[in-house]
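Enquirer: Got a structure for you, questions after.
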Amino acid sequence: MIRMTEPSKITSVPDHQPAAGGIAARARASVGPKYLSGLNPEQRDAVETLDGPVLVLAGAGTGKTRVLTTRIAHILSQGRARPAEILSVTFTNKAAREMKHRLGQMLGHAVEGMPWLGTFHSIGGRILRTHAELAQLKSNFTVLDTDDQVRLLKQLLQADNIDEKRWPARMLAGLIDGWKNRGLTPSQVPSGEAAVFANGKGGKLYASYQERLKILNAADFGDLLLEDIRIFREHPDILRQYQQRFKFILVDEYQDTNVAQYLWLRLLSQAPASPSFTSPRVRGEVASQSDAGEGGSPQTELVETAPQPDPLSASGARHDSVKDGEREKPHVKNICCVGDDDQSIYGWRGAEVDNILRFDHDFPGAKVIRLERNYRSTGHILAAASHLIAHNEGRLGKTLRTEDHDGEKVTVTGSWDSEEEARGIGEEIEQLQRQGEKLNEIAILVRASYQMREFEDRFVTLGLPYRVIGGPRFYERAEIRDALAYLRVINSPADDLAFERIINVPKRGLGDATVQMLHDHARKRRIPLFEAARAVVETDELKPKARGSLRDVVAQFDRWRAQREVTAHTDLAQIVLDESGYTEMWQKDRSADAAGRLENLKELVRSMEEFENLQGFLEHISLVMDRDGGAEDDAVSLMTLHSAKGLEFDNVFLPGWEEGLFPSQRTLDEQGRAGLEEERRLGHVGLTRARRRAKIYFATNRRIHGTWSTTIPSRFLDELPSANVEITESKGGSAWGGTGGYGASRFDDMEAFGSTYSTPGWQRAQANRNRGGGRSGGGQGGFEEQASSFSSSSGPDFGSFSSRRRGPMTIEGELVAKSTGTTSEFSLSDRVFHQKFGYGRVTKIDGNKLTIAFDKAGEKKVVDSFVQRA
DNA sequence: TCTCCTACGTTTTTT
DNA sequence: ACGTAGGAGA
């Protein structure tokens, strides 16, 4: 980590002004310190406009992070604030790390002194720990993740005799999350909404969930912000303290903020004022009835109320029911939000695009700066992306431009089915590789993760190195959560959830019956589960076997707790894992991923070194633990469009542009037009990830949940500008032939797409289908029509697909032919292990290509370097 | 208490 | 089609 101290130490600022000289310093900004050089005028404006609210609309690839970090450097070098007086929030740890890193580079050394640069949740959590007692918590409270949350809710549902089949805990967790995202405490949830769960019990369950959290000394992610908000509202003195501390606020990805985050920011961004003077603007209705249970301090009703988001009302309507005369301009201080409404893709988890669309309303006098110069993509790619996103209505409107050359056109390629799509992309990647492209500069961005499988299969077969980005987070893996549960029980004996998780892991003969008994005991005596266990062991309520094992468990934990005093926390963790039999459990496990799990456990112990002690480790683990890195090797990246946000690659493959998949039918059903716009933004994000090549694909047939469906090309294809797009032919090599028999009945489903009946996309699909399904008449009427909708270029049109269809059934033929001929070090019927497919037996060898019958995954062709002897 | 079978639910993801 | 979670039976 880096240390950043006083502004005077900043190297890249040769002769800055002393701390008091802010104004003078600004006056000479036109000369400008070194770090400002290389910024374009808009960027520079965004960096130098330090006073008042600023919204920077930063399109994709316009240097957003650079602006943010340079702005911080500027604030520091101008002596306007010390590092600890700048609040700088991001959404992800990755983004926070990136900023720290860039800042460190820019400043030459130094960043540990930015204590308030972090994610919303980590900063919210830190504030909450400081005032934990005001939320009936202790400062060492546990942060529960979704899993713990659901288990806790399950217990509540059981206690309330609610049928979990009808009212799943997951659903309740989702509702509660949603309420918290909107800044609603139990008493503020509109009664109609609270009633939808379990015949009106929803609100009560939320309330008792909160109570249980306090008893467990735990908070969920939502609480990290919501409890802050409550504390700020109920304790103006504390709020003022933070308002005074933070001279500058910077927010990254503002378009992704939810209501709770907005409220949190708003509270902090008001200039500190003496209580009698405070007159914050009220957003939403003034002290609505839902505010009833809250209140107390005179300030409470003045400070804003959570808006009740009402998608139906126009955005203006829900605003400011306060008369203009009453609405003094809030004293907002220096807040700078950076975002891009065109990249808002998290509406489904509570992000309010409205926050950014309404910025200048919420922060009157805001200066809006648009960054529209794109430094990433070539002309064609940028034009395609811009044209696509221009179909959205609810935009602030930006026009991205580039000074780069046009480059290659965006390609659109159709394939018969998803397998051919994967095959074709595989070939194109190999071709790019031959042209000297780095695999690290190639990414495949899918809409849904199930699309990844086909590519993985294909790449394994080809021996093409790839890496999946995203997927389950490190600390979400079962073995990590188990290990953490052990440590949590050691650290805080009242952590019932953790104790319950590992009481019978590994198997100790302490099953449901025992746990139930402990629960009863604990509830009766109002003591934690662990203490109940200790007490029960002294009685003869349990069968001797269970009693013995429970006694051992209690004794073990007592011993570990004692050892904690004298043992380094990493050593302790190792001891716990060994003595508990947990490591052994996985060593004995013969399943495919056991080895990986043991590896993960080692990694966990290693990662503990970065922390001072067990307590510190546990406090941060759920907030900052990251997925395993190891991105050293040259490999193709495979990820969802969502996880691609913020990344860029020379070559981007965008498969699966089909109605129903992309745009996702479900989003359309659930969110209607807003959903469609969000999907379109997703497309825009996908395209703008590409620097030099963007390649779009659609398949005519795709297997969804097991059954094959005929699909039609995405309407987004029709929204691409023909001048920048080229239709190409699939290089899939098509092993097509046996599958026929798609009846016309498939088209009955098309009603689902209702309004698309008349679009060129639909007609194109129909033409395709007629050719594919009937395989009789190629090139039906609508076809030329659609081709003209792309108006396109020289490339072969879709008609030529049919001629390719009947190619010989090569299956994996080419692949085998391509094998290097070197003899494999494996022999027939060798027992082998593969990272992904697990254990198996070699059934066929061809050069370095092995055919392996996997125990779990079935028969696969694999390059020998991907397996090892078992 | 453990194991096997059935039934369900399958977009996106952070903290 | 497939993986998992929860329930029923050994």
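Ordering of the structure tokens sets the chain letters (A, B, ...), residue numbers begin anew at 1 in every chain, and ligands are numbered from 1 in the order given.
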Name the residues in contact with Ala219 (chain A) at a cut-off of 12 Å, using only C-alpha atoms (C1' of nucleotides), excluding same-chain residues fewer than 6 positions from it; report them as a ChimeraX atom specification.
Expert: /A:121,124-125,128-129,132,135-146,148-149,152,180,209-213,225-228,495,619,622-623 /B:15
Enquirer: When you get a sec, could you note down which chain A residues fall within 7 Å of chain B, using only C-alpha atoms (C1' of nucleotides), as number ranges by chain?
Expert: A: 92, 121, 221, 448, 509, 511, 623, 642
Enquirer: Write out as a list in words each polymer residue whose atoms come within 9 Å of Gly426 (chain A), counting only C-alpha atoms (C1' of nucleotides); drop sequence neighbours fewer than 4 positions from it.
Expert: Glu421, Ala422, Glu430, Gln431, Phe455, Arg458, Phe459, Leu462, Leu464 and Gly732 of chain A
Enquirer: Please identify every residue of chain C that has at least one atom no more than 12 Å from any atom of chain A, counting only C-alpha atoms (C1' of nucleotides), and report them as a list in words.
Expert: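 On the chain C side, the interface is DA1, DC2, DG3, DA5 and DG6 of chain C.
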Enquirer: Restricting it to C-alpha atoms (C1' of nucleotides), dump the selection as a PDB file, in the first residue's frame.
Expert:
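Heads up, here's the output in selection-v7.pdb:
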```pdb
ATOM      1  C1'  DA C   1     -31.189 -30.855 -19.862  1.00  0.00           C
ATOM      2  C1'  DC C   2     -29.319 -30.202 -15.775  1.00  0.00           C
ATOM      3  C1'  DG C   3     -28.067 -29.163 -11.311  1.00  0.00           C
ATOM      4  C1'  DA C   5     -32.444 -28.696  -2.657  1.00  0.00           C
ATOM      5  C1'  DG C   6     -35.526 -30.780   0.137  1.00  0.00           C
TER       6       DG C   6
END
```
Enquirer: CA of Asp220 (chain A) and CA of Asp177 (chain A) are how many Å apart?
Expert: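 Calculated distance between CA of Asp220 (chain A) and CA of Asp177 (chain A) is 9.1 Å.
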Enquirer: By how many Å are CA of Glu500 (chain A) and CA of Leu529 (chain A) apart?
Expert: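 Distance reported for this atom pair: 8.0 Å.
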Enquirer: Could you find all residues in region 392-531 of chain A that DSSP calls alpha helix (DSSP H) from the backbone, and write them as a PyMOL selection string?
Expert: chain A and resi 418-434+452-462+478-491+496-502+512-525+529-531
Enquirer: Excluding region 197-205 of chain A and its own-chain neighbours fewer than 4 positions away, which residues fall within 12 Å of it when counting only C-alpha atoms (C1' of nucleotides)? Please give them as a PyMOL selection string.
Expert: chain A and resi 152-176+179+184-193+209-212
Enquirer: Could you list, as number ranges by chain, every residue within 10 Å of Tyr254 (chain A), counting only C-alpha atoms (C1' of nucleotides) and ignoring same-chain residues fewer than 6 positions away?
Expert: A: 55-57, 89-91, 261-262, 336-341, 344, 351-353, 355-356, 359
Enquirer: What's around Arg481 (chain A) at 12 Å? Count only C-alpha atoms (C1' of nucleotides), leave out sequence neighbours fewer than 4 positions away in its own chain, and write the answer as a ChimeraX atom specification.
Expert: /A:144-148,473-477,485-488,497-499,501-502,505,597,600-601,604,618,621-622,625
Enquirer: Write out as number ranges by chain all residues of region 486-733 of chain A that DSSP puts in strand (DSSP E) for this structure's backbone.
Expert: A: 636-640, 649-654, 690-704, 707-710, 725-728
